[in-house]
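upload-v9.pdb follows; it contains PDB, C-alpha atoms and all ligand atoms.
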ATOM      1  CA  MET X 196      -1.859   6.350  10.738  1.00  0.00           C
ATOM      2  CA  ILE X 197      -4.043   4.483   8.256  1.00  0.00           C
ATOM      3  CA  ALA X 198      -3.243   1.143   9.884  1.00  0.00           C
ATOM      4  CA  GLU X 199      -4.222   2.579  13.239  1.00  0.00           C
ATOM      5  CA  ASN X 200      -7.452   4.043  11.854  1.00  0.00           C
ATOM      6  CA  LEU X 201      -8.318   0.704  10.310  1.00  0.00           C
ATOM      7  CA  ARG X 202      -7.742  -1.085  13.590  1.00  0.00           C
ATOM      8  CA  GLU X 203      -9.922   1.437  15.387  1.00  0.00           C
ATOM      9  CA  VAL X 204     -12.757   1.181  12.858  1.00  0.00           C
ATOM     10  CA  ARG X 205     -12.650  -2.617  12.990  1.00  0.00           C
ATOM     11  CA  GLU X 206     -12.762  -2.480  16.794  1.00  0.00           C
ATOM     12  CA  ASN X 207     -15.724  -0.120  16.689  1.00  0.00           C
ATOM     13  CA  ILE X 208     -17.526  -2.451  14.290  1.00  0.00           C
ATOM     14  CA  ALA X 209     -16.852  -5.408  16.563  1.00  0.00           C
ATOM     15  CA  ARG X 210     -18.114  -3.520  19.594  1.00  0.00           C
ATOM     16  CA  ALA X 211     -21.261  -2.330  17.801  1.00  0.00           C
ATOM     17  CA  ALA X 212     -21.957  -5.843  16.526  1.00  0.00           C
ATOM     18  CA  ALA X 213     -21.506  -7.347  19.981  1.00  0.00           C
ATOM     19  CA  SER X 214     -23.820  -4.742  21.502  1.00  0.00           C
ATOM     20  CA  ALA X 215     -26.548  -5.914  19.138  1.00  0.00           C
ATOM     21  CA  GLY X 216     -25.826  -9.602  19.643  1.00  0.00           C
ATOM     22  CA  ARG X 217     -24.333  -9.932  16.177  1.00  0.00           C
ATOM     23  CA  ASP X 218     -21.212 -11.743  15.028  1.00  0.00           C
ATOM     24  CA  PRO X 219     -18.695  -9.108  13.824  1.00  0.00           C
ATOM     25  CA  SER X 220     -17.654 -11.440  10.995  1.00  0.00           C
ATOM     26  CA  GLU X 221     -21.044 -10.731   9.389  1.00  0.00           C
ATOM     27  CA  VAL X 222     -19.888  -7.166   8.688  1.00  0.00           C
ATOM     28  CA  THR X 223     -17.548  -6.335   5.820  1.00  0.00           C
ATOM     29  CA  LEU X 224     -15.636  -3.086   6.050  1.00  0.00           C
ATOM     30  CA  ILE X 225     -15.353  -1.306   2.708  1.00  0.00           C
ATOM     31  CA  ALA X 226     -12.477   1.174   2.748  1.00  0.00           C
ATOM     32  CA  VAL X 227     -13.752   4.090   0.666  1.00  0.00           C
ATOM     33  CA  SER X 228     -10.645   5.391  -1.067  1.00  0.00           C
ATOM     34  CA  LYS X 229     -12.119   7.902  -3.533  1.00  0.00           C
ATOM     35  CA  THR X 230      -9.856  10.894  -4.228  1.00  0.00           C
ATOM     36  CA  LYS X 231      -7.004   9.228  -2.304  1.00  0.00           C
ATOM     37  CA  PRO X 232      -3.682   8.301  -3.951  1.00  0.00           C
ATOM     38  CA  VAL X 233      -2.607   4.701  -4.494  1.00  0.00           C
ATOM     39  CA  SER X 234       0.144   5.165  -1.900  1.00  0.00           C
ATOM     40  CA  MET X 235      -2.539   5.542   0.765  1.00  0.00           C
ATOM     41  CA  LEU X 236      -4.506   2.577  -0.548  1.00  0.00           C
ATOM     42  CA  MET X 237      -1.311   0.540  -0.352  1.00  0.00           C
ATOM     43  CA  GLU X 238      -0.903   1.512   3.283  1.00  0.00           C
ATOM     44  CA  ALA X 239      -4.344   0.094   3.944  1.00  0.00           C
ATOM     45  CA  TYR X 240      -3.546  -2.947   1.820  1.00  0.00           C
ATOM     46  CA  GLU X 241      -0.428  -3.627   3.827  1.00  0.00           C
ATOM     47  CA  ALA X 242      -2.518  -3.384   6.986  1.00  0.00           C
ATOM     48  CA  GLY X 243      -4.634  -6.230   5.622  1.00  0.00           C
ATOM     49  CA  GLU X 244      -7.458  -4.361   3.887  1.00  0.00           C
ATOM     50  CA  ARG X 245      -8.616  -5.995   0.656  1.00  0.00           C
ATOM     51  CA  VAL X 246     -12.002  -4.363   0.054  1.00  0.00           C
ATOM     52  CA  PHE X 247     -12.039  -0.874  -1.444  1.00  0.00           C
ATOM     53  CA  GLY X 248     -14.921   1.357  -2.500  1.00  0.00           C
ATOM     54  CA  GLU X 249     -14.786   3.961  -5.241  1.00  0.00           C
ATOM     55  CA  ASN X 250     -17.461   6.189  -6.744  1.00  0.00           C
ATOM     56  CA  LYS X 251     -15.959   7.068 -10.134  1.00  0.00           C
ATOM     57  CA  VAL X 252     -15.428   4.712 -13.044  1.00  0.00           C
ATOM     58  CA  GLN X 253     -12.200   6.340 -14.204  1.00  0.00           C
ATOM     59  CA  GLU X 254     -10.730   6.149 -10.718  1.00  0.00           C
ATOM     60  CA  ILE X 255     -11.552   2.453 -10.395  1.00  0.00           C
ATOM     61  CA  MET X 256      -9.913   1.767 -13.756  1.00  0.00           C
ATOM     62  CA  ASP X 257      -6.732   3.640 -12.826  1.00  0.00           C
ATOM     63  CA  LYS X 258      -6.437   2.098  -9.380  1.00  0.00           C
ATOM     64  CA  TYR X 259      -7.390  -1.362 -10.644  1.00  0.00           C
ATOM     65  CA  ASP X 260      -4.289  -1.357 -12.814  1.00  0.00           C
ATOM     66  CA  GLU X 261      -2.020  -0.067 -10.076  1.00  0.00           C
ATOM     67  CA  MET X 262      -3.167  -2.096  -7.078  1.00  0.00           C
ATOM     68  CA  PRO X 263      -2.523  -5.815  -6.421  1.00  0.00           C
ATOM     69  CA  SER X 264      -4.937  -8.163  -8.146  1.00  0.00           C
ATOM     70  CA  ASP X 265      -6.429  -9.608  -4.956  1.00  0.00           C
ATOM     71  CA  VAL X 266      -8.218  -6.342  -4.142  1.00  0.00           C
ATOM     72  CA  ASN X 267     -12.019  -6.484  -4.239  1.00  0.00           C
ATOM     73  CA  TRP X 268     -13.402  -3.321  -5.813  1.00  0.00           C
ATOM     74  CA  HIS X 269     -16.866  -2.045  -4.982  1.00  0.00           C
ATOM     75  CA  MET X 270     -18.565   0.571  -7.145  1.00  0.00           C
ATOM     76  CA  ILE X 271     -20.522   2.648  -4.650  1.00  0.00           C
ATOM     77  CA  GLY X 272     -21.275   5.805  -6.637  1.00  0.00           C
ATOM     78  CA  HIS X 273     -23.843   6.784  -9.218  1.00  0.00           C
ATOM     79  CA  LEU X 274     -23.120   4.847 -12.397  1.00  0.00           C
ATOM     80  CA  GLN X 275     -23.731   6.202 -15.890  1.00  0.00           C
ATOM     81  CA  ARG X 276     -24.891   3.609 -18.379  1.00  0.00           C
ATOM     82  CA  ASN X 277     -22.274   4.464 -20.994  1.00  0.00           C
ATOM     83  CA  LYS X 278     -19.528   3.660 -18.468  1.00  0.00           C
ATOM     84  CA  VAL X 279     -20.784   0.273 -17.313  1.00  0.00           C
ATOM     85  CA  LYS X 280     -18.659  -1.499 -19.920  1.00  0.00           C
ATOM     86  CA  TYR X 281     -15.417  -0.283 -18.373  1.00  0.00           C
ATOM     87  CA  ILE X 282     -15.943  -1.819 -14.953  1.00  0.00           C
ATOM     88  CA  VAL X 283     -18.391  -4.673 -15.358  1.00  0.00           C
ATOM     89  CA  ASP X 284     -15.640  -7.308 -15.265  1.00  0.00           C
ATOM     90  CA  LYS X 285     -13.522  -5.487 -12.664  1.00  0.00           C
ATOM     91  CA  VAL X 286     -15.811  -4.941  -9.698  1.00  0.00           C
ATOM     92  CA  LYS X 287     -16.967  -7.386  -7.064  1.00  0.00           C
ATOM     93  CA  MET X 288     -20.241  -5.552  -6.600  1.00  0.00           C
ATOM     94  CA  ILE X 289     -22.166  -2.533  -7.866  1.00  0.00           C
ATOM     95  CA  HIS X 290     -23.990  -0.870  -4.952  1.00  0.00           C
ATOM     96  CA  SER X 291     -25.871   1.758  -6.884  1.00  0.00           C
ATOM     97  CA  VAL X 292     -28.455   0.192  -9.193  1.00  0.00           C
ATOM     98  CA  ASP X 293     -31.489   2.448  -9.172  1.00  0.00           C
ATOM     99  CA  SER X 294     -33.193   1.985 -12.535  1.00  0.00           C
ATOM    100  CA  LEU X 295     -34.268  -0.730 -14.940  1.00  0.00           C
ATOM    101  CA  ARG X 296     -32.288   0.903 -17.759  1.00  0.00           C
ATOM    102  CA  LEU X 297     -29.076   0.730 -15.754  1.00  0.00           C
ATOM    103  CA  ALA X 298     -29.760  -2.909 -14.864  1.00  0.00           C
ATOM    104  CA  GLU X 299     -30.398  -3.668 -18.548  1.00  0.00           C
ATOM    105  CA  THR X 300     -27.076  -2.141 -19.518  1.00  0.00           C
ATOM    106  CA  ILE X 301     -25.278  -4.142 -16.827  1.00  0.00           C
ATOM    107  CA  GLU X 302     -27.017  -7.279 -18.138  1.00  0.00           C
ATOM    108  CA  GLN X 303     -25.851  -6.600 -21.709  1.00  0.00           C
ATOM    109  CA  GLU X 304     -22.257  -5.807 -20.793  1.00  0.00           C
ATOM    110  CA  ALA X 305     -21.999  -8.679 -18.311  1.00  0.00           C
ATOM    111  CA  ALA X 306     -23.271 -11.084 -20.961  1.00  0.00           C
ATOM    112  CA  LYS X 307     -20.500  -9.954 -23.322  1.00  0.00           C
ATOM    113  CA  HIS X 308     -17.910 -10.780 -20.662  1.00  0.00           C
ATOM    114  CA  ASN X 309     -19.729 -13.943 -19.638  1.00  0.00           C
ATOM    115  CA  VAL X 310     -19.871 -12.850 -15.994  1.00  0.00           C
ATOM    116  CA  VAL X 311     -22.663 -12.504 -13.450  1.00  0.00           C
ATOM    117  CA  VAL X 312     -22.510  -9.163 -11.671  1.00  0.00           C
ATOM    118  CA  PRO X 313     -23.651  -8.969  -8.042  1.00  0.00           C
ATOM    119  CA  VAL X 314     -25.563  -5.736  -7.470  1.00  0.00           C
ATOM    120  CA  LEU X 315     -27.405  -3.905  -4.732  1.00  0.00           C
ATOM    121  CA  LEU X 316     -30.478  -1.782  -5.247  1.00  0.00           C
ATOM    122  CA  GLU X 317     -29.926   1.751  -3.973  1.00  0.00           C
ATOM    123  CA  VAL X 318     -32.806   3.044  -1.892  1.00  0.00           C
ATOM    124  CA  ASN X 319     -33.355   6.663  -0.999  1.00  0.00           C
ATOM    125  CA  VAL X 320     -34.977   5.812   2.323  1.00  0.00           C
ATOM    126  CA  ALA X 321     -34.878   9.322   3.662  1.00  0.00           C
ATOM    127  CA  ALA X 322     -36.446  10.693   0.449  1.00  0.00           C
ATOM    128  CA  GLU X 323     -33.821  13.373   0.036  1.00  0.00           C
ATOM    129  CA  GLU X 324     -34.400  15.255  -3.182  1.00  0.00           C
ATOM    130  CA  THR X 325     -30.762  15.672  -4.053  1.00  0.00           C
ATOM    131  CA  LYS X 326     -29.978  11.977  -3.964  1.00  0.00           C
ATOM    132  CA  PHE X 327     -30.105   9.115  -6.380  1.00  0.00           C
ATOM    133  CA  GLY X 328     -31.886   5.956  -5.411  1.00  0.00           C
ATOM    134  CA  LEU X 329     -35.261   4.276  -5.537  1.00  0.00           C
ATOM    135  CA  LYS X 330     -38.256   5.127  -3.441  1.00  0.00           C
ATOM    136  CA  PRO X 331     -38.949   2.241  -1.061  1.00  0.00           C
ATOM    137  CA  GLU X 332     -42.112   1.278  -2.949  1.00  0.00           C
ATOM    138  CA  GLU X 333     -40.182   1.044  -6.231  1.00  0.00           C
ATOM    139  CA  VAL X 334     -37.735  -1.572  -4.962  1.00  0.00           C
ATOM    140  CA  LEU X 335     -39.850  -4.732  -5.155  1.00  0.00           C
ATOM    141  CA  PRO X 336     -41.146  -4.095  -8.702  1.00  0.00           C
ATOM    142  CA  LEU X 337     -37.601  -3.434  -9.923  1.00  0.00           C
ATOM    143  CA  ALA X 338     -36.268  -6.529  -8.167  1.00  0.00           C
ATOM    144  CA  GLU X 339     -38.939  -8.596  -9.891  1.00  0.00           C
ATOM    145  CA  GLN X 340     -37.873  -7.270 -13.286  1.00  0.00           C
ATOM    146  CA  ILE X 341     -34.164  -7.779 -12.676  1.00  0.00           C
ATOM    147  CA  SER X 342     -34.759 -11.311 -11.397  1.00  0.00           C
ATOM    148  CA  LYS X 343     -35.165 -12.367 -15.033  1.00  0.00           C
ATOM    149  CA  PHE X 344     -31.690 -11.153 -16.006  1.00  0.00           C
ATOM    150  CA  PRO X 345     -29.227 -14.072 -16.104  1.00  0.00           C
ATOM    151  CA  HIS X 346     -26.118 -11.905 -15.759  1.00  0.00           C
ATOM    152  CA  VAL X 347     -27.279  -9.631 -12.916  1.00  0.00           C
ATOM    153  CA  SER X 348     -27.684 -10.969  -9.410  1.00  0.00           C
ATOM    154  CA  VAL X 349     -29.422  -8.808  -6.820  1.00  0.00           C
ATOM    155  CA  ARG X 350     -27.797  -9.458  -3.450  1.00  0.00           C
ATOM    156  CA  GLY X 351     -29.401  -6.823  -1.267  1.00  0.00           C
ATOM    157  CA  LEU X 352     -29.981  -3.140  -0.636  1.00  0.00           C
ATOM    158  CA  MET X 353     -27.872  -0.038  -0.170  1.00  0.00           C
ATOM    159  CA  THR X 354     -28.664   3.385   1.193  1.00  0.00           C
ATOM    160  CA  ILE X 355     -26.837   6.650   1.726  1.00  0.00           C
ATOM    161  CA  ALA X 356     -28.227   8.160   4.888  1.00  0.00           C
ATOM    162  CA  PRO X 357     -28.421  11.930   5.361  1.00  0.00           C
ATOM    163  CA  TYR X 358     -25.575  13.893   6.896  1.00  0.00           C
ATOM    164  CA  VAL X 359     -26.534  14.391  10.515  1.00  0.00           C
ATOM    165  CA  ASP X 360     -24.753  15.627  13.610  1.00  0.00           C
ATOM    166  CA  ASP X 361     -26.102  12.862  15.818  1.00  0.00           C
ATOM    167  CA  PRO X 362     -25.861   9.383  14.236  1.00  0.00           C
ATOM    168  CA  GLU X 363     -28.903   8.306  16.270  1.00  0.00           C
ATOM    169  CA  GLU X 364     -30.963  10.410  13.863  1.00  0.00           C
ATOM    170  CA  ASN X 365     -30.188   7.869  11.145  1.00  0.00           C
ATOM    171  CA  ARG X 366     -31.233   4.842  13.163  1.00  0.00           C
ATOM    172  CA  PRO X 367     -34.790   4.898  11.739  1.00  0.00           C
ATOM    173  CA  VAL X 368     -33.349   5.110   8.212  1.00  0.00           C
ATOM    174  CA  PHE X 369     -31.232   1.990   8.751  1.00  0.00           C
ATOM    175  CA  ARG X 370     -34.106   0.198  10.432  1.00  0.00           C
ATOM    176  CA  GLN X 371     -36.375   0.972   7.486  1.00  0.00           C
ATOM    177  CA  LEU X 372     -33.859  -0.407   4.983  1.00  0.00           C
ATOM    178  CA  LYS X 373     -33.563  -3.594   7.043  1.00  0.00           C
ATOM    179  CA  GLU X 374     -37.349  -3.947   7.194  1.00  0.00           C
ATOM    180  CA  LEU X 375     -37.596  -3.468   3.445  1.00  0.00           C
ATOM    181  CA  SER X 376     -35.009  -6.178   2.838  1.00  0.00           C
ATOM    182  CA  VAL X 377     -36.806  -8.613   5.161  1.00  0.00           C
ATOM    183  CA  ASP X 378     -40.043  -7.835   3.363  1.00  0.00           C
ATOM    184  CA  ILE X 379     -38.572  -8.462  -0.097  1.00  0.00           C
ATOM    185  CA  ASP X 380     -36.770 -11.591   1.113  1.00  0.00           C
ATOM    186  CA  SER X 381     -40.090 -13.000   2.293  1.00  0.00           C
ATOM    187  CA  LYS X 382     -41.409 -12.909  -1.300  1.00  0.00           C
ATOM    188  CA  LYS X 383     -38.857 -15.589  -2.238  1.00  0.00           C
ATOM    189  CA  ILE X 384     -38.231 -14.300  -5.746  1.00  0.00           C
ATOM    190  CA  ASP X 385     -35.952 -16.463  -7.901  1.00  0.00           C
ATOM    191  CA  ASN X 386     -32.467 -14.997  -8.360  1.00  0.00           C
ATOM    192  CA  ILE X 387     -33.107 -12.255  -5.771  1.00  0.00           C
ATOM    193  CA  TYR X 388     -31.122 -12.463  -2.541  1.00  0.00           C
ATOM    194  CA  MET X 389     -31.350 -10.094   0.395  1.00  0.00           C
ATOM    195  CA  ASN X 390     -28.178 -11.075   2.240  1.00  0.00           C
ATOM    196  CA  VAL X 391     -26.418  -7.742   1.934  1.00  0.00           C
ATOM    197  CA  LEU X 392     -27.294  -4.458   3.609  1.00  0.00           C
ATOM    198  CA  SER X 393     -24.807  -1.756   2.629  1.00  0.00           C
ATOM    199  CA  MET X 394     -25.364   1.121   5.042  1.00  0.00           C
ATOM    200  CA  GLY X 395     -23.352   3.315   7.366  1.00  0.00           C
ATOM    201  CA  MET X 396     -20.483   5.731   6.690  1.00  0.00           C
ATOM    202  CA  THR X 397     -17.865   7.368   8.915  1.00  0.00           C
ATOM    203  CA  GLY X 398     -20.394   9.329  10.954  1.00  0.00           C
ATOM    204  CA  ASP X 399     -22.895   6.577  11.606  1.00  0.00           C
ATOM    205  CA  TYR X 400     -21.531   3.106  10.821  1.00  0.00           C
ATOM    206  CA  GLU X 401     -21.797   1.878  14.398  1.00  0.00           C
ATOM    207  CA  VAL X 402     -25.521   2.607  14.493  1.00  0.00           C
ATOM    208  CA  ALA X 403     -25.842   0.960  11.064  1.00  0.00           C
ATOM    209  CA  VAL X 404     -24.112  -2.183  12.357  1.00  0.00           C
ATOM    210  CA  GLN X 405     -26.475  -2.294  15.320  1.00  0.00           C
ATOM    211  CA  GLU X 406     -29.370  -2.126  12.864  1.00  0.00           C
ATOM    212  CA  GLY X 407     -28.107  -4.963  10.689  1.00  0.00           C
ATOM    213  CA  ALA X 408     -25.576  -3.597   8.188  1.00  0.00           C
ATOM    214  CA  THR X 409     -23.489  -6.320   6.551  1.00  0.00           C
ATOM    215  CA  MET X 410     -21.333  -3.798   4.682  1.00  0.00           C
ATOM    216  CA  VAL X 411     -20.231  -0.433   5.986  1.00  0.00           C
ATOM    217  CA  ARG X 412     -18.554   2.108   3.707  1.00  0.00           C
ATOM    218  CA  VAL X 413     -15.972   4.112   5.623  1.00  0.00           C
ATOM    219  CA  GLY X 414     -13.748   6.697   3.957  1.00  0.00           C
ATOM    220  CA  THR X 415     -12.859   9.648   6.166  1.00  0.00           C
ATOM    221  CA  GLY X 416     -12.517   7.470   9.260  1.00  0.00           C
ATOM    222  CA  ILE X 417      -9.730   5.509   7.546  1.00  0.00           C
ATOM    223  CA  PHE X 418      -8.044   7.886   5.107  1.00  0.00           C
ATOM    224  CA  GLY X 419      -8.850  11.276   6.651  1.00  0.00           C
ATOM    225  CA  GLU X 420     -10.739  14.205   5.173  1.00  0.00           C
ATOM    226  CA  ARG X 421     -11.012  14.496   1.400  1.00  0.00           C
ATOM    227  CA  SER X 422     -10.200  17.678  -0.435  1.00  0.00           C
ATOM    228  CA  TYR X 423     -11.878  18.175  -3.794  1.00  0.00           C
ATOM    229  CA  ARG X 424      -9.746  20.529  -5.824  1.00  0.00           C
TER
HETATM  230  C1  LIG X 501     -17.785   8.880   0.019  1.00  0.00           C
HETATM  231  C2  LIG X 501     -18.777   7.812   0.289  1.00  0.00           C
HETATM  232  C3  LIG X 501     -18.733   7.067   1.480  1.00  0.00           C
HETATM  233  C4  LIG X 501     -17.736   7.315   2.589  1.00  0.00           C
HETATM  234  O1  LIG X 501     -17.997   8.521   3.249  1.00  0.00           O
HETATM  235  P1  LIG X 501     -17.223   8.911   4.609  1.00  0.00           P
HETATM  236  O2  LIG X 501     -18.144   9.829   5.294  1.00  0.00           O
HETATM  237  O3  LIG X 501     -15.946   9.543   4.200  1.00  0.00           O
HETATM  238  O4  LIG X 501     -16.997   7.653   5.376  1.00  0.00           O
HETATM  239  C5  LIG X 501     -19.669   6.057   1.637  1.00  0.00           C
HETATM  240  N1  LIG X 501     -20.585   5.781   0.687  1.00  0.00           N
HETATM  241  C6  LIG X 501     -20.655   6.465  -0.451  1.00  0.00           C
HETATM  242  C7  LIG X 501     -21.682   6.107  -1.460  1.00  0.00           C
HETATM  243  C8  LIG X 501     -19.763   7.492  -0.698  1.00  0.00           C
HETATM  244  O5  LIG X 501     -19.843   8.186  -1.848  1.00  0.00           O
END

Using the file provided, produce a representation of the structure as structure tokens.
Ligand SMILES: *Cc1c(COP(=O)(O)O)cnc(C)c1O
Amino acid sequence: MIAENLREVRENIARAAASAGRDPSEVTLIAVSKTKPVSMLMEAYEAGERVFGENKVQEIMDKYDEMPSDVNWHMIGHLQRNKVKYIVDKVKMIHSVDSLRLAETIEQEAAKHNVVVPVLLEVNVAAEETKFGLKPEEVLPLAEQISKFPHVSVRGLMTIAPYVDDPEENRPVFRQLKELSVDIDSKKIDNIYMNVLSMGMTGDYEVAVQEGATMVRVGTGIFGERSYR
């Protein structure tokens, strides 16, 4: 089941990329495994998946110990500063940097481990009140501040688009994130890269790929519905 879902999602990504004249190899699929047991992650692993996304620090720590060491873990959820120390040397990328204080904490903890942590700046493009993330106009000033941190490397932008019935409704959101990244890239700030656009989830990843996503975060489409109990 999971292997089949993975194949289907990868095919959909390839088709969406081709429809926009993009090379499918530019798009990394992040299998969002939050709430799911290691047995299900292993099914995906055995089907070739090596990139997993989680949104809770404790869950990353538990699964990190149980899963093979060649898995790339992505922290995609809101990150509390007092928990940075637990994952800073375990994750490939933190997608959810949305404040200078959080970036400062990542800098301090990364320095202790002598690692450079790739991060994305989370942008609340749709200006939803309930969400974390920077306003679009806050992104450049924050990037400029973080550019001075030797142990934090900004690689791009991330957004969580609204839940919508028709994925086309999110096309302008994805387009806006892409435009913002092009704009920031054009400033040529030292130590700031805009190669990554993390956008698109189960309901809208094909539209996101058409609009330039280089990482899509798909959970339900691979592992099925989540139950929070
Ligand atoms: C849960 C989650 C996803 C995956 O959502 P699905 O709709 O199940 O694909 C993607 N990104 C973030 C930040 C998430 O928390």

Let me have all residues with an atom within 8 Å of ligand LIG 501 (chain X), counting only C-alpha atoms and all ligand atoms, laid out as a list in words.
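Selection of residues at most 8 Å from ligand LIG 501 (chain X): Val227, Lys229, Gly248, Glu249, Asn250, Ile271, Gly272, Thr354, Ile355, Met394, Gly395, Met396, Thr397, Gly398, Val411, Arg412, Val413, Gly414, Thr415, Gly416, Ile417, Gly419, Glu420 and Arg421 of chain X.
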
Just so the selection is clear, what residues does the PyMOL selection byres (((chain X and resi 203-205) around 12) and not hetatm) cover here, as a PyMOL selection string?
chain X and resi 196-202+206-212+219-220+222-226+242-244+396-401+404+411-418

Near-Glu299 in chain X list (9 Å; all atoms listed in the file; drop same-chain fewer than 3 positions) as a PyMOL selection string
chain X and resi 294-296+302-304+341+344+347

Using CA of Val312 in chain X and CA of Pro345 in chain X as the two end points, give the distance in Å to one decimal.
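Computing the Euclidean distance for CA of Val312 in chain X and CA of Pro345 in chain X yields 9.4 Å.
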
Hey, can you check how far CA of Leu315 in chain X sits from CA of Ile289 in chain X?
6.3 Å

When distances are computed from only C-alpha atoms, which of X:Phe369, X:His273, X:Val286, X:Ser234 shows the smallest separation from Met256 in chain X?
X:Val286

Ground truth for the PyMOL selection byres (((chain X and resi 357) around 12) and not hetatm), written as a compact mmCIF listing (two decimals) with C-alpha atoms, in the frame of the given file:
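Saved to expr_35.txt:
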# COMPACT_ATOMS: atom_id res chain seq x y z
CA ASN X 319 -33.35 6.66 -1.00
CA VAL X 320 -34.98 5.81 2.32
CA ALA X 321 -34.88 9.32 3.66
CA ALA X 322 -36.45 10.69 0.45
CA GLU X 323 -33.82 13.37 0.04
CA GLU X 324 -34.40 15.26 -3.18
CA THR X 325 -30.76 15.67 -4.05
CA LYS X 326 -29.98 11.98 -3.96
CA THR X 354 -28.66 3.38 1.19
CA ILE X 355 -26.84 6.65 1.73
CA ALA X 356 -28.23 8.16 4.89
CA TYR X 358 -25.58 13.89 6.90
CA VAL X 359 -26.53 14.39 10.52
CA ASP X 360 -24.75 15.63 13.61
CA ASP X 361 -26.10 12.86 15.82
CA PRO X 362 -25.86 9.38 14.24
CA GLU X 363 -28.90 8.31 16.27
CA GLU X 364 -30.96 10.41 13.86
CA ASN X 365 -30.19 7.87 11.14
CA ARG X 366 -31.23 4.84 13.16
CA PRO X 367 -34.79 4.90 11.74
CA VAL X 368 -33.35 5.11 8.21
CA PHE X 369 -31.23 1.99 8.75
CA MET X 394 -25.36 1.12 5.04
CA GLY X 395 -23.35 3.32 7.37
CA MET X 396 -20.48 5.73 6.69
CA GLY X 398 -20.39 9.33 10.95
CA ASP X 399 -22.90 6.58 11.61

Residue among X:Pro313, X:Lys231, X:Arg276, X:Lys307 lying closest to Tyr423 in chain X, counting only C-alpha atoms
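Smallest distance to Tyr423 in chain X is found for X:Lys231.
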
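Shortest separation to Asn277 in chain X among X:Glu261, X:Asp385, X:Ile301, X:His308 occurs at residue X:Ile301, atoms counted being only C-alpha atoms.
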
By how many Å are CA of Val314 in chain X and CA of Met288 in chain X apart?
5.4 Å

Need to verify the contact set: Leu392 in chain X, 10 Å, all atoms listed in the file, exclusion of same-chain residues closer than 4 positions in sequence. Can you return it as JSON, numbers by chain?
{"X": [222, 290, 315, 316, 350, 351, 352, 353, 354, 369, 372, 373, 376, 403, 404, 406, 407, 408, 409, 410, 411]}

Counting all atoms listed in the file, closest pick from X:Glu374, X:Asp284, X:Asp218, X:Glu333 relative to Met389 in chain X is X:Glu374

Where's the centre, and what are the edge lengths in Å to one decimal, of a box along x, y and z enclosing all listed atoms of range 325-336 of chain X padded 5 Å per side, as lines of an AutoDock Vina configuration file?
center_x = -36.0
center_y = 5.5
center_z = -4.9
size_x = 22.1
size_y = 30.4
size_z = 17.6

Go through X:Glu221, X:Pro232, X:Val266, X:Met237 one by one, measure the shortest atom-to-atom distance of each to Val391 in chain X using all atoms listed in the file, and give the residue with the smallest value.
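Using all atoms listed in the file, the shortest distance to Val391 in chain X belongs to X:Glu221.
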